[in-house]
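As provided, entry34.txt (compact mmCIF, C-alpha atoms) reads as follows.
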```
# COMPACT_ATOMS: atom_id res chain seq x y z
CA MET T 1 65.93 75.48 23.31
CA ALA T 2 65.60 76.03 27.03
CA ARG T 3 65.39 79.63 28.16
CA ILE T 4 68.56 80.88 29.81
CA GLU T 5 67.85 82.31 33.24
CA THR T 6 69.75 85.52 33.92
CA PRO T 7 71.70 85.42 37.21
CA LYS T 8 70.31 87.85 39.79
CA ARG T 9 72.22 90.46 41.75
CA ILE T 10 73.63 89.00 44.97
CA ARG T 11 71.66 89.98 48.06
CA GLY T 12 73.29 92.83 49.93
CA THR T 13 75.01 94.25 46.84
CA GLN T 14 73.87 97.13 44.66
CA ASP T 15 74.02 98.43 41.11
CA ILE T 16 74.56 102.18 41.38
CA PHE T 17 73.18 104.32 38.55
CA GLY T 18 71.45 107.61 37.80
CA GLU T 19 70.65 109.82 40.77
CA GLU T 20 72.18 107.33 43.22
CA GLN T 21 75.43 107.38 41.25
CA ARG T 22 75.45 111.19 41.19
CA ARG T 23 75.08 111.27 44.97
CA PHE T 24 77.76 108.60 45.36
CA ALA T 25 80.18 110.43 43.07
CA HIS T 26 79.52 113.75 44.83
CA VAL T 27 80.60 112.26 48.17
CA ILE T 28 83.85 110.94 46.67
CA GLU T 29 84.61 114.15 44.77
CA THR T 30 84.04 116.26 47.89
CA PHE T 31 86.15 113.90 50.02
CA GLU T 32 89.02 114.04 47.51
CA ARG T 33 88.89 117.83 47.41
CA VAL T 34 88.79 118.25 51.20
CA ARG T 35 91.51 115.69 51.95
CA ARG T 36 93.82 117.60 49.58
CA LEU T 37 93.14 120.78 51.58
CA TYR T 38 94.47 118.95 54.65
CA CYS T 39 97.45 117.45 52.75
CA PHE T 40 96.36 113.83 53.24
CA GLN T 41 98.03 111.60 50.65
CA ARG T 42 95.86 109.16 48.70
CA VAL T 43 96.69 105.45 49.10
CA ASP T 44 95.15 102.26 47.74
CA ILE T 45 95.47 98.86 49.39
CA PRO T 46 94.34 95.33 48.43
CA VAL T 47 90.69 94.32 48.62
CA PHE T 48 91.70 91.06 50.34
CA GLU T 49 94.35 90.29 52.94
CA SER T 50 95.60 87.37 54.96
CA THR T 51 92.86 86.56 57.48
CA ALA T 52 95.40 87.10 60.28
CA VAL T 53 95.49 90.83 59.47
CA PHE T 54 91.89 91.23 60.59
CA ALA T 55 91.71 88.49 63.21
CA ARG T 56 94.66 89.99 65.10
CA SER T 57 93.71 93.62 64.67
CA LEU T 58 89.94 93.48 65.13
CA GLY T 59 90.00 90.74 67.77
CA GLU T 60 88.59 87.23 67.64
CA THR T 61 85.68 88.14 69.91
CA THR T 62 84.29 90.97 67.79
CA ASP T 63 81.14 90.42 65.75
CA VAL T 64 83.03 91.42 62.61
CA VAL T 65 85.55 88.59 62.99
CA SER T 66 83.25 85.96 64.47
CA LYS T 67 80.16 86.54 62.34
CA GLU T 68 80.62 88.97 59.46
CA MET T 69 83.89 88.40 57.57
CA TYR T 70 83.99 86.92 54.08
CA THR T 71 86.80 84.42 54.57
CA PHE T 72 87.89 81.76 52.08
CA GLU T 73 90.80 79.44 51.34
CA ASP T 74 92.64 80.04 48.08
CA ARG T 75 94.14 77.37 45.85
CA GLY T 76 97.38 77.51 47.79
CA GLY T 77 95.61 76.71 51.04
CA ASP T 78 96.02 80.21 52.51
CA SER T 79 93.15 81.76 54.45
CA LEU T 80 92.17 85.08 52.88
CA THR T 81 89.51 87.62 53.84
CA LEU T 82 87.79 90.39 51.90
CA ARG T 83 88.51 93.56 53.84
CA PRO T 84 85.72 94.45 56.32
CA GLU T 85 87.40 97.85 56.98
CA PHE T 86 90.49 99.81 55.95
CA THR T 87 92.52 100.49 59.09
CA ALA T 88 93.96 97.00 59.61
CA GLY T 89 95.15 96.75 56.00
CA ILE T 90 96.69 100.21 56.16
CA ALA T 91 98.50 99.26 59.39
CA ARG T 92 99.80 96.11 57.68
CA ALA T 93 101.04 98.14 54.70
CA TYR T 94 102.69 100.66 57.05
CA LEU T 95 104.81 97.80 58.42
CA THR T 96 105.46 95.72 55.32
CA GLU T 97 106.00 98.52 52.79
CA GLY T 98 108.41 100.61 54.88
CA TRP T 99 106.10 103.57 55.32
CA GLN T 100 107.57 104.21 58.79
CA GLN T 101 110.14 106.47 57.11
CA TYR T 102 107.34 108.91 56.24
CA ALA T 103 105.89 109.18 59.75
CA PRO T 104 103.93 111.06 60.81
CA LEU T 105 101.90 109.85 57.83
CA LYS T 106 98.57 111.41 56.83
CA ILE T 107 96.74 109.18 54.36
CA ALA T 108 93.25 108.72 52.95
CA THR T 109 91.49 106.20 50.75
CA HIS T 110 88.08 105.00 49.64
CA GLY T 111 86.59 101.87 48.10
CA PRO T 112 84.46 98.77 48.72
CA VAL T 113 84.42 96.80 51.98
CA PHE T 114 82.59 93.58 52.77
CA ARG T 115 80.62 92.32 55.77
CA TYR T 116 78.14 89.48 55.94
CA GLU T 117 75.27 91.07 57.83
CA ARG T 118 71.56 91.59 57.40
CA PRO T 119 70.99 94.15 54.63
CA GLN T 120 68.85 97.12 55.62
CA LYS T 121 68.53 100.82 54.91
CA GLY T 122 71.98 102.21 54.27
CA ARG T 123 73.67 98.89 55.08
CA PHE T 124 74.90 96.39 52.50
CA ARG T 125 77.16 93.35 52.36
CA GLN T 126 79.35 95.10 49.84
CA PHE T 127 79.37 98.76 50.71
CA HIS T 128 81.82 101.62 50.34
CA GLN T 129 83.78 103.73 52.76
CA ILE T 130 85.95 106.81 52.81
CA ASP T 131 88.80 106.58 55.30
CA ALA T 132 91.39 108.96 56.79
CA GLU T 133 94.29 108.04 59.09
CA VAL T 134 97.22 109.69 60.86
CA ILE T 135 99.96 107.20 61.80
CA GLY T 136 103.02 107.99 63.90
CA ALA T 137 101.67 111.08 65.67
CA SER T 138 100.94 110.71 69.39
CA GLU T 139 99.95 114.34 69.95
CA PRO T 140 96.32 115.41 70.56
CA ALA T 141 96.72 117.73 67.57
CA ALA T 142 96.46 114.70 65.26
CA ASP T 143 93.05 113.85 66.71
CA VAL T 144 91.96 117.46 66.27
CA GLU T 145 93.18 117.51 62.67
CA LEU T 146 91.13 114.43 61.78
CA LEU T 147 88.01 115.68 63.52
CA VAL T 148 88.20 119.10 61.88
CA LEU T 149 88.68 117.37 58.52
CA ALA T 150 85.55 115.29 59.14
CA ASP T 151 83.57 118.34 60.22
CA GLN T 152 84.57 120.29 57.11
CA LEU T 153 83.71 117.32 54.88
CA LEU T 154 80.18 117.15 56.30
CA ARG T 155 79.79 120.90 55.95
CA GLU T 156 80.93 120.92 52.33
CA LEU T 157 78.59 118.05 51.57
CA GLY T 158 75.81 120.23 52.96
CA ILE T 159 74.72 117.67 55.57
CA ALA T 160 76.21 119.08 58.79
CA ASP T 161 72.85 120.33 60.08
CA GLY T 162 71.35 117.68 62.34
CA VAL T 163 74.65 115.78 62.63
CA THR T 164 76.24 115.78 66.11
CA LEU T 165 79.83 114.93 67.03
CA GLN T 166 79.77 112.67 70.09
CA LEU T 167 83.11 112.44 71.84
CA ASN T 168 84.62 110.34 74.62
CA THR T 169 87.96 109.41 76.08
CA LEU T 170 89.12 105.84 76.66
CA GLY T 171 92.16 107.02 78.59
CA ASP T 172 95.65 105.59 78.52
CA ALA T 173 96.61 101.99 79.29
CA GLU T 174 96.59 102.56 83.04
CA THR T 175 93.17 104.19 82.87
CA ARG T 176 91.69 101.41 80.74
CA ASP T 177 93.03 98.67 83.02
CA ALA T 178 91.49 100.27 86.11
CA TRP T 179 88.18 101.01 84.37
CA ARG T 180 88.02 97.55 82.83
CA ALA T 181 88.47 95.94 86.25
CA ALA T 182 85.67 98.08 87.68
CA LEU T 183 83.37 97.20 84.76
CA VAL T 184 84.05 93.48 85.11
CA ALA T 185 83.23 93.63 88.83
CA HIS T 186 80.02 95.53 88.06
CA PHE T 187 78.87 93.16 85.33
CA GLU T 188 79.83 90.05 87.33
CA ALA T 189 77.48 91.22 90.06
CA HIS T 190 74.64 91.23 87.51
CA ARG T 191 75.43 88.10 85.49
CA ASP T 192 71.96 86.72 86.04
CA VAL T 193 70.29 89.46 83.95
CA LEU T 194 72.82 89.87 81.13
CA SER T 195 72.11 88.65 77.60
CA GLU T 196 73.96 85.69 76.14
CA ASP T 197 76.10 87.94 73.93
CA SER T 198 77.12 90.09 76.90
CA LEU T 199 78.01 87.04 78.97
CA ALA T 200 80.28 85.92 76.14
CA ARG T 201 81.89 89.38 76.04
CA LEU T 202 82.37 89.62 79.79
CA ASP T 203 85.68 87.76 79.89
CA LYS T 204 87.34 89.11 76.75
CA ASN T 205 85.57 92.29 75.68
CA PRO T 206 83.57 93.77 78.60
CA LEU T 207 83.58 97.33 77.24
CA ARG T 208 81.31 96.23 74.40
CA ILE T 209 78.54 95.53 76.91
CA LEU T 210 78.24 99.31 77.41
CA ASP T 211 76.80 99.80 73.90
CA SER T 212 74.68 96.63 73.83
CA LYS T 213 71.30 97.14 72.14
CA ASP T 214 69.69 94.22 73.99
CA PRO T 215 66.98 95.56 76.38
CA ARG T 216 68.09 93.05 79.04
CA ASP T 217 71.52 94.70 79.18
CA ARG T 218 70.56 98.37 79.22
CA PRO T 219 69.77 98.83 82.95
CA VAL T 220 73.06 97.18 83.93
CA ALA T 221 75.06 99.05 81.29
CA ASP T 222 73.50 102.38 82.20
CA SER T 223 74.40 101.95 85.86
CA ALA T 224 78.03 100.94 85.14
CA PRO T 225 80.82 103.23 86.42
CA ASP T 226 82.03 106.00 84.09
CA ILE T 227 85.63 106.21 82.98
CA ASP T 228 86.15 109.69 84.46
CA ALA T 229 86.73 108.33 87.95
CA TYR T 230 89.72 106.32 86.64
CA LEU T 231 91.38 108.85 84.33
CA THR T 232 95.06 109.46 85.05
CA PRO T 233 96.20 113.11 85.01
CA GLU T 234 97.94 112.44 81.69
CA ALA T 235 94.79 110.96 80.12
CA ARG T 236 92.66 113.84 81.35
CA ALA T 237 95.15 116.35 79.95
CA PHE T 238 95.09 114.60 76.56
CA PHE T 239 91.29 114.76 76.37
CA ASP T 240 91.26 118.38 77.49
CA ALA T 241 93.74 119.21 74.71
CA VAL T 242 91.52 117.55 72.11
CA THR T 243 88.38 119.38 73.23
CA ALA T 244 90.25 122.68 73.45
CA GLY T 245 91.49 122.18 69.89
CA LEU T 246 87.97 121.51 68.65
CA ASP T 247 86.70 124.60 70.42
CA ALA T 248 89.46 126.69 68.85
CA ALA T 249 88.59 125.33 65.38
CA GLY T 250 84.89 126.04 65.87
CA VAL T 251 83.81 122.38 65.82
CA ALA T 252 80.80 121.67 68.06
CA TRP T 253 80.88 118.47 70.12
CA THR T 254 79.04 116.75 72.93
CA ARG T 255 80.32 114.30 75.52
CA ASN T 256 79.06 110.73 75.39
CA ALA T 257 80.62 108.86 78.31
CA ARG T 258 79.17 105.56 77.04
CA LEU T 259 80.88 105.72 73.65
CA VAL T 260 83.51 102.97 73.55
CA ARG T 261 85.87 101.01 71.39
CA GLY T 262 86.13 97.60 72.94
CA LEU T 263 89.57 96.36 71.87
CA ASP T 264 92.64 96.73 74.02
CA TYR T 265 94.68 98.70 71.50
CA TYR T 266 92.27 101.66 71.53
CA ARG T 267 93.40 104.69 73.52
CA HIS T 268 92.17 108.16 74.35
CA THR T 269 89.79 109.65 71.76
CA ALA T 270 86.69 107.83 70.52
CA PHE T 271 84.08 109.64 68.43
CA GLU T 272 81.01 109.32 66.25
CA PHE T 273 79.14 111.78 64.07
CA VAL T 274 75.48 110.78 64.45
CA THR T 275 72.13 111.86 63.04
CA ASP T 276 68.49 110.98 63.57
CA ARG T 277 67.75 111.23 59.84
CA LEU T 278 68.71 107.62 59.05
CA GLY T 279 66.57 105.76 61.57
CA ALA T 280 68.28 103.24 63.84
CA GLN T 281 71.50 103.34 61.80
CA GLY T 282 72.38 106.85 62.87
CA THR T 283 76.19 106.83 62.74
CA VAL T 284 77.54 108.46 59.58
CA LEU T 285 81.25 108.73 60.49
CA ALA T 286 83.21 107.20 63.37
CA GLY T 287 86.70 106.51 64.57
CA GLY T 288 89.22 106.80 67.35
CA ARG T 289 92.83 106.53 68.46
CA TYR T 290 94.41 103.06 68.15
CA ASP T 291 97.91 103.40 69.58
CA GLY T 292 98.23 99.65 70.17
CA LEU T 293 97.11 98.38 66.74
CA ILE T 294 100.43 98.23 64.93
CA GLY T 295 101.98 96.49 67.93
CA SER T 296 99.27 93.82 67.70
CA LEU T 297 100.42 93.12 64.13
CA GLY T 298 104.01 92.55 65.20
CA GLY T 299 105.39 96.05 64.71
CA PRO T 300 106.81 98.57 67.17
CA GLU T 301 104.41 100.48 69.36
CA THR T 302 103.13 103.22 67.08
CA ALA T 303 100.52 105.91 67.59
CA GLY T 304 97.57 106.02 65.22
CA VAL T 305 94.18 107.67 64.89
CA GLY T 306 91.61 107.50 62.12
CA TRP T 307 88.01 107.44 60.99
CA ALA T 308 85.80 105.91 58.33
CA ALA T 309 82.41 106.81 56.90
CA GLY T 310 79.96 104.89 54.76
CA ILE T 311 79.57 106.53 51.35
CA GLU T 312 76.03 105.18 50.96
CA ARG T 313 74.92 106.67 54.28
CA LEU T 314 76.44 110.04 53.50
CA ALA T 315 74.80 109.97 50.06
CA MET T 316 71.39 109.32 51.60
CA LEU T 317 71.64 112.65 53.44
CA LEU T 318 72.45 114.71 50.35
CA GLU T 319 70.14 116.92 48.41
CA GLU T 320 69.83 115.64 44.85
CA PRO T 321 73.02 116.71 43.02
CA THR T 322 72.64 118.65 39.79
CA VAL T 323 73.03 116.75 36.54
CA ASP T 324 76.20 117.64 34.65
CA GLN T 325 75.39 120.18 31.95
CA VAL T 326 76.32 119.15 28.42
CA ASP T 327 77.96 121.97 26.42
CA ILE T 328 76.71 121.03 22.97
CA ALA T 329 75.05 118.26 20.98
CA VAL T 330 76.28 117.19 17.53
CA VAL T 331 73.53 116.08 15.15
CA THR T 332 74.35 114.28 11.92
CA GLU T 333 71.97 115.38 9.17
CA ASN T 334 70.66 112.78 6.77
CA ASP T 335 72.89 113.83 3.87
CA ALA T 336 76.07 114.08 5.94
CA ASP T 337 79.13 111.86 5.82
CA PRO T 338 79.16 110.09 9.23
CA LEU T 339 82.94 110.40 9.34
CA ASP T 340 82.61 114.21 9.24
CA ALA T 341 80.57 113.97 12.45
CA VAL T 342 83.20 111.72 14.03
CA ARG T 343 85.90 114.32 13.23
CA VAL T 344 83.83 117.14 14.66
CA VAL T 345 82.91 115.32 17.89
CA ALA T 346 86.51 114.23 18.49
CA GLY T 347 87.83 117.75 17.94
CA LEU T 348 85.29 119.35 20.26
CA ARG T 349 85.95 116.85 23.03
CA ARG T 350 89.71 117.27 22.74
CA SER T 351 89.17 120.98 23.29
CA GLY T 352 87.43 120.29 26.60
CA LEU T 353 83.80 120.64 25.57
CA SER T 354 81.32 117.99 26.69
CA VAL T 355 79.48 116.71 23.64
CA ALA T 356 76.32 114.65 23.33
CA ALA T 357 76.38 112.63 20.12
CA ALA T 358 73.88 110.02 18.96
CA PHE T 359 74.97 106.71 17.51
CA ALA T 360 71.92 106.34 15.26
CA GLY T 361 68.59 107.86 14.31
CA ASN T 362 67.51 110.62 11.98
CA ALA T 363 68.26 114.27 12.70
CA LYS T 364 64.85 114.97 14.21
CA ARG T 365 65.21 112.15 16.74
CA GLN T 366 68.73 113.24 17.60
CA VAL T 367 67.50 116.76 18.33
CA GLU T 368 64.74 115.39 20.53
CA ARG T 369 67.24 113.34 22.56
CA ALA T 370 69.35 116.47 23.01
CA ARG T 371 66.29 118.40 24.17
CA ARG T 372 65.47 115.72 26.77
CA ALA T 373 69.06 115.96 28.02
CA ASN T 374 68.57 119.73 28.56
CA VAL T 375 71.12 120.65 25.89
CA THR T 376 70.53 124.18 24.56
CA GLU T 377 72.98 124.27 21.63
CA VAL T 378 73.20 121.91 18.68
CA LEU T 379 75.83 121.69 15.98
CA PHE T 380 74.40 120.18 12.78
CA VAL T 381 76.85 118.37 10.51
CA GLY T 382 75.72 118.19 6.88
CA ARG T 383 76.87 118.64 3.28
CA VAL T 384 76.77 121.69 1.03
CA GLY T 385 77.56 122.23 -2.64
CA VAL T 386 80.91 124.01 -3.21
CA ASP T 387 82.82 124.60 -6.48
CA GLY T 388 80.82 122.04 -8.45
CA GLY T 389 81.16 119.43 -5.69
CA THR T 390 80.24 119.10 -2.03
CA ALA T 391 81.91 119.95 1.25
CA ALA T 392 81.00 119.39 4.84
CA SER T 393 79.01 122.11 6.54
CA LEU T 394 78.32 123.04 10.13
CA LYS T 395 75.30 124.93 11.38
CA LEU T 396 75.06 126.04 14.98
CA GLY T 397 71.59 126.41 16.38
CA LYS T 398 69.64 126.76 19.62
CA ILE T 399 66.96 124.53 21.07
CA GLY T 400 64.98 124.77 24.28
CA ILE T 401 64.91 127.95 26.30
CA GLY T 402 67.50 130.25 27.75
CA PRO T 403 69.95 132.75 26.27
CA VAL T 404 72.70 131.34 24.10
CA ALA T 405 75.50 133.53 22.69
CA LEU T 406 75.83 131.70 19.38
CA GLU T 407 78.52 134.03 18.05
CA ASP T 408 80.74 133.22 21.04
CA ARG T 409 80.05 129.52 20.66
CA ALA T 410 80.85 129.70 16.92
CA ASP T 411 84.27 131.13 17.76
CA ALA T 412 84.80 128.35 20.30
CA VAL T 413 83.81 125.70 17.77
CA LEU T 414 86.19 127.05 15.14
CA LYS T 415 89.00 127.23 17.68
CA ALA T 416 88.27 123.71 18.87
CA LEU T 417 88.33 122.32 15.34
CA SER T 418 91.24 124.36 14.02
CA ALA T 419 93.77 121.58 14.60
CA ASP T 420 91.73 119.07 12.64
CA ILE T 421 89.84 121.18 10.09
CA ALA T 422 91.15 123.59 7.48
CA VAL T 423 88.91 126.62 7.11
CA GLY T 424 89.79 128.40 3.88
CA ALA T 425 90.28 132.13 3.67
CA ASP T 426 87.13 132.40 1.57
CA ASP T 427 85.06 130.45 4.12
CA ALA T 428 83.19 132.70 6.47
CA ALA T 429 80.78 132.40 9.38
CA THR T 430 77.50 134.05 8.51
CA LEU T 431 74.30 134.47 10.46
CA ILE T 432 71.44 132.45 9.00
CA GLY T 433 68.17 132.98 10.81
CA THR T 434 68.59 131.82 14.42
CA GLY T 435 71.78 129.92 13.69
CA ILE T 436 75.30 130.33 12.39
CA ALA T 437 76.49 128.41 9.36
CA LEU T 438 80.12 127.47 8.71
CA ILE T 439 81.61 125.85 5.64
CA TRP T 440 84.80 123.89 6.21
CA ARG T 441 87.00 121.32 4.57
CA PRO T 442 88.75 118.50 6.44
CA ARG T 443 92.53 118.57 6.22
```

I need this file expressed as structure tokens, please.
Amino acid sequence: MARIETPKRIRGTQDIFGEEQRRFAHVIETFERVRRLYCFQRVDIPVFESTAVFARSLGETTDVVSKEMYTFEDRGGDSLTLRPEFTAGIARAYLTEGWQQYAPLKIATHGPVFRYERPQKGRFRQFHQIDAEVIGASEPAADVELLVLADQLLRELGIADGVTLQLNTLGDAETRDAWRAALVAHFEAHRDVLSEDSLARLDKNPLRILDSKDPRDRPVADSAPDIDAYLTPEARAFFDAVTAGLDAAGVAWTRNARLVRGLDYYRHTAFEFVTDRLGAQGTVLAGGRYDGLIGSLGGPETAGVGWAAGIERLAMLLEEPTVDQVDIAVVTENDADPLDAVRVVAGLRRSGLSVAAAFAGNAKRQVERARRANVTEVLFVGRVGVDGGTAASLKLGKIGIGPVALEDRADAVLKALSADIAVGADDAATLIGTGIALIWRPR
């Protein structure tokens, strides 16, 4: 018979296990804890949406829409897309699910996103993001709230050192129109030296030329006019309020006048938390204010601001998380009834103790597996002669090194098993060598 070839993992995806999974889980657990401190509600949205959700919100000229989206036609002939980011889907849900009644709405989520791009360090085709948004709040305080949340998250993850918050303003609509016109005039005067991608962006998305990585574009981009000369008094006041709020909250920031968001619905604050510890892919968290997004999806003009961060990139910056400590191991001795061990393990776990239990193997091998897992206490389940017959017995012992208060653990074991196991009045816990032996009878 021909050998069956096992399908391989798809390029750009990952199987997350062991230390990587512990890092991954630590990011999510910390995010969930911090977002609750800031009273952000958890939401979940579909993994795929109508393609129009992303084409309208991200813009047809962006690389994400033109080159990176996973788009397919379903059996009904509808064009669907795996989400490349969260914000557009959240904006869609805000409109279609009637969430306007809860505005201003503070929400957070996390999960997989999909982009067809060249896999590299910290970048995958299926990757994972955490995301936080404030919708329906036009005040600078909403921007400050999100940025302080992000700063605290990085601090509690233990990765804030070496990470810098870069901040810029994109102004209001009047500011952007004036600045855009000045940029177009500047870039038009240097068309002959721009890259092909920048020439394509010049008509529809000229702001994106400012952050081009092509060496041909850098001299022209670096000499382009800054936005500050075009800021309206209102736009300048908004940015000043954001920076004052960050200063008051003790969040360090630096101005990056070349930091942009290229689409027309972006307003005011744009930001990135960056590091030099991840090579060329130095952004670990980024976002901005998108007051025109919901309008682009057919809704009323609605303020919004948010950020997203790649879980994999954050995890790469972590120290190795500690392995969860197992409270106790249950070892089934060779003469024991396996069902006695099942009763014991179930009772201990219901009481809240974490229990390592082997599915097979003799007692010696089970103890060795517990030792390798750094378990220091073992509960042996066996049989003992009682009243001319046999009864189940428990013996609590210590392996490895480190102090173990066996008497305290014996009390905890008895309490944990009291609902499932009848311990007669004549049954007593007695010290036997380095362990504690208990005789008990199942109910």

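Among T:Asn362, T:Thr322, T:Ser351, T:Ser79, the residue with the shortest atom-to-atom distance to Gly18 (chain T), counting only C-alpha atoms, is T:Thr322.
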
Contacts between region 125-144 of chain T and region 66-87 of chain T, please, where a residue of region 66-87 of chain T counts if it comes within 10 Å (with all atoms listed in the file); show its shortest atom pair and distance in Å to one decimal, rows by chain and ascending number, as JSON lines.
```
{"residue": "T:Glu68", "atom": "CA", "partner": "T:Arg125", "partner_atom": "CA", "distance": 9.0}
{"residue": "T:Met69", "atom": "CA", "partner": "T:Arg125", "partner_atom": "CA", "distance": 9.8}
{"residue": "T:Tyr70", "atom": "CA", "partner": "T:Arg125", "partner_atom": "CA", "distance": 9.5}
{"residue": "T:Leu82", "atom": "CA", "partner": "T:Gln126", "partner_atom": "CA", "distance": 9.9}
{"residue": "T:Pro84", "atom": "CA", "partner": "T:Gln126", "partner_atom": "CA", "distance": 9.1}
{"residue": "T:Glu85", "atom": "CA", "partner": "T:Gln129", "partner_atom": "CA", "distance": 8.1}
{"residue": "T:Phe86", "atom": "CA", "partner": "T:Asp131", "partner_atom": "CA", "distance": 7.0}
{"residue": "T:Thr87", "atom": "CA", "partner": "T:Glu133", "partner_atom": "CA", "distance": 7.8}
```

(request) Work out how far apart CA of Ala189 (chain T) and CA of Ile209 (chain T) are and give it in Å to one decimal. (result)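 CA of Ile209 (chain T) lies 13.9 Å from CA of Ala189 (chain T).
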
(request) Go ahead and find all residues with at least one atom no further than 7 Å from (75.0, 121.5, 3.4) in the file's coordinates, using all atoms listed in the file; report them as a PyMOL selection string. (result) chain T and resi 382-385+392-393

(request) Compare T:Ser212, T:Ser195, T:Ser223, T:Gln21 by their minimum atom-to-atom distance to Leu183 (chain T), counting only C-alpha atoms, and give me the closest one. (result)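 So, comparing all the options, the nearest one is T:Ser223.
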
Once 8 Å is added on each side, what are the centre and the three edge lengths, in Å to one decimal, of the axis-aligned box enclosing the listed atoms of region 249-268 of chain T? Present them as AutoDock Vina command-line options.
```
--center_x 86.9 --center_y 111.2 --center_z 71.8 --size_x 31.6 --size_y 45.7 --size_z 28.9
```

(message) Need to verify the contact set: Glu156 (chain T), 10 Å, all atoms listed in the file, exclusion of same-chain residues closer than 3 positions in sequence. Can you return it as JSON, numbers by chain?
(response) {"T": [27, 30, 31, 33, 34, 150, 151, 152, 153, 159, 160]}

(message) Need to verify the contact set: region 39-51 of chain T, 6 Å, all atoms listed in the file, exclusion of same-chain residues closer than 2 positions in sequence. Can you return it as a ChimeraX atom specification?
(response) /T:35-37,53-54,79-83,106-109

Taking the structure in the block just given, could you write region 374-379 of chain T with all heavy atoms, as a compact mmCIF listing (two decimals), in the first residue's frame?
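And here is the file that came out, part_33.txt:
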```txt
# COMPACT_ATOMS: atom_id res chain seq x y z
N ASN T 374 8.61 18.71 37.97
CA ASN T 374 8.88 19.54 39.13
C ASN T 374 7.78 19.50 40.19
O ASN T 374 7.57 20.47 40.93
CB ASN T 374 9.13 21.00 38.71
CG ASN T 374 10.37 21.16 37.86
OD1 ASN T 374 11.39 20.52 38.13
ND2 ASN T 374 10.27 21.98 36.83
N VAL T 375 7.06 18.37 40.26
CA VAL T 375 6.07 18.18 41.31
C VAL T 375 6.81 17.73 42.57
O VAL T 375 7.71 16.89 42.50
CB VAL T 375 5.02 17.13 40.90
CG1 VAL T 375 3.97 16.98 41.99
CG2 VAL T 375 4.36 17.54 39.58
N THR T 376 6.44 18.28 43.72
CA THR T 376 7.14 17.93 44.96
C THR T 376 6.31 17.03 45.87
O THR T 376 6.84 16.48 46.84
CB THR T 376 7.52 19.20 45.74
OG1 THR T 376 6.35 19.97 46.00
CG2 THR T 376 8.51 20.03 44.94
N GLU T 377 5.01 16.89 45.61
CA GLU T 377 4.16 16.05 46.45
C GLU T 377 3.44 15.01 45.60
O GLU T 377 2.95 15.32 44.51
CB GLU T 377 3.13 16.90 47.19
CG GLU T 377 3.73 17.86 48.18
CD GLU T 377 2.70 18.83 48.72
OE1 GLU T 377 1.84 18.39 49.49
OE2 GLU T 377 2.76 20.01 48.35
N VAL T 378 3.38 13.80 46.13
CA VAL T 378 2.74 12.70 45.40
C VAL T 378 1.76 12.01 46.33
O VAL T 378 2.08 11.72 47.49
CB VAL T 378 3.78 11.68 44.89
CG1 VAL T 378 3.08 10.53 44.18
CG2 VAL T 378 4.78 12.35 43.98
N LEU T 379 0.58 11.74 45.82
CA LEU T 379 -0.42 10.98 46.55
C LEU T 379 -0.53 9.60 45.89
O LEU T 379 -0.96 9.49 44.74
CB LEU T 379 -1.77 11.70 46.52
CG LEU T 379 -2.89 11.09 47.36
CD1 LEU T 379 -2.52 11.13 48.84
CD2 LEU T 379 -4.21 11.82 47.12
```
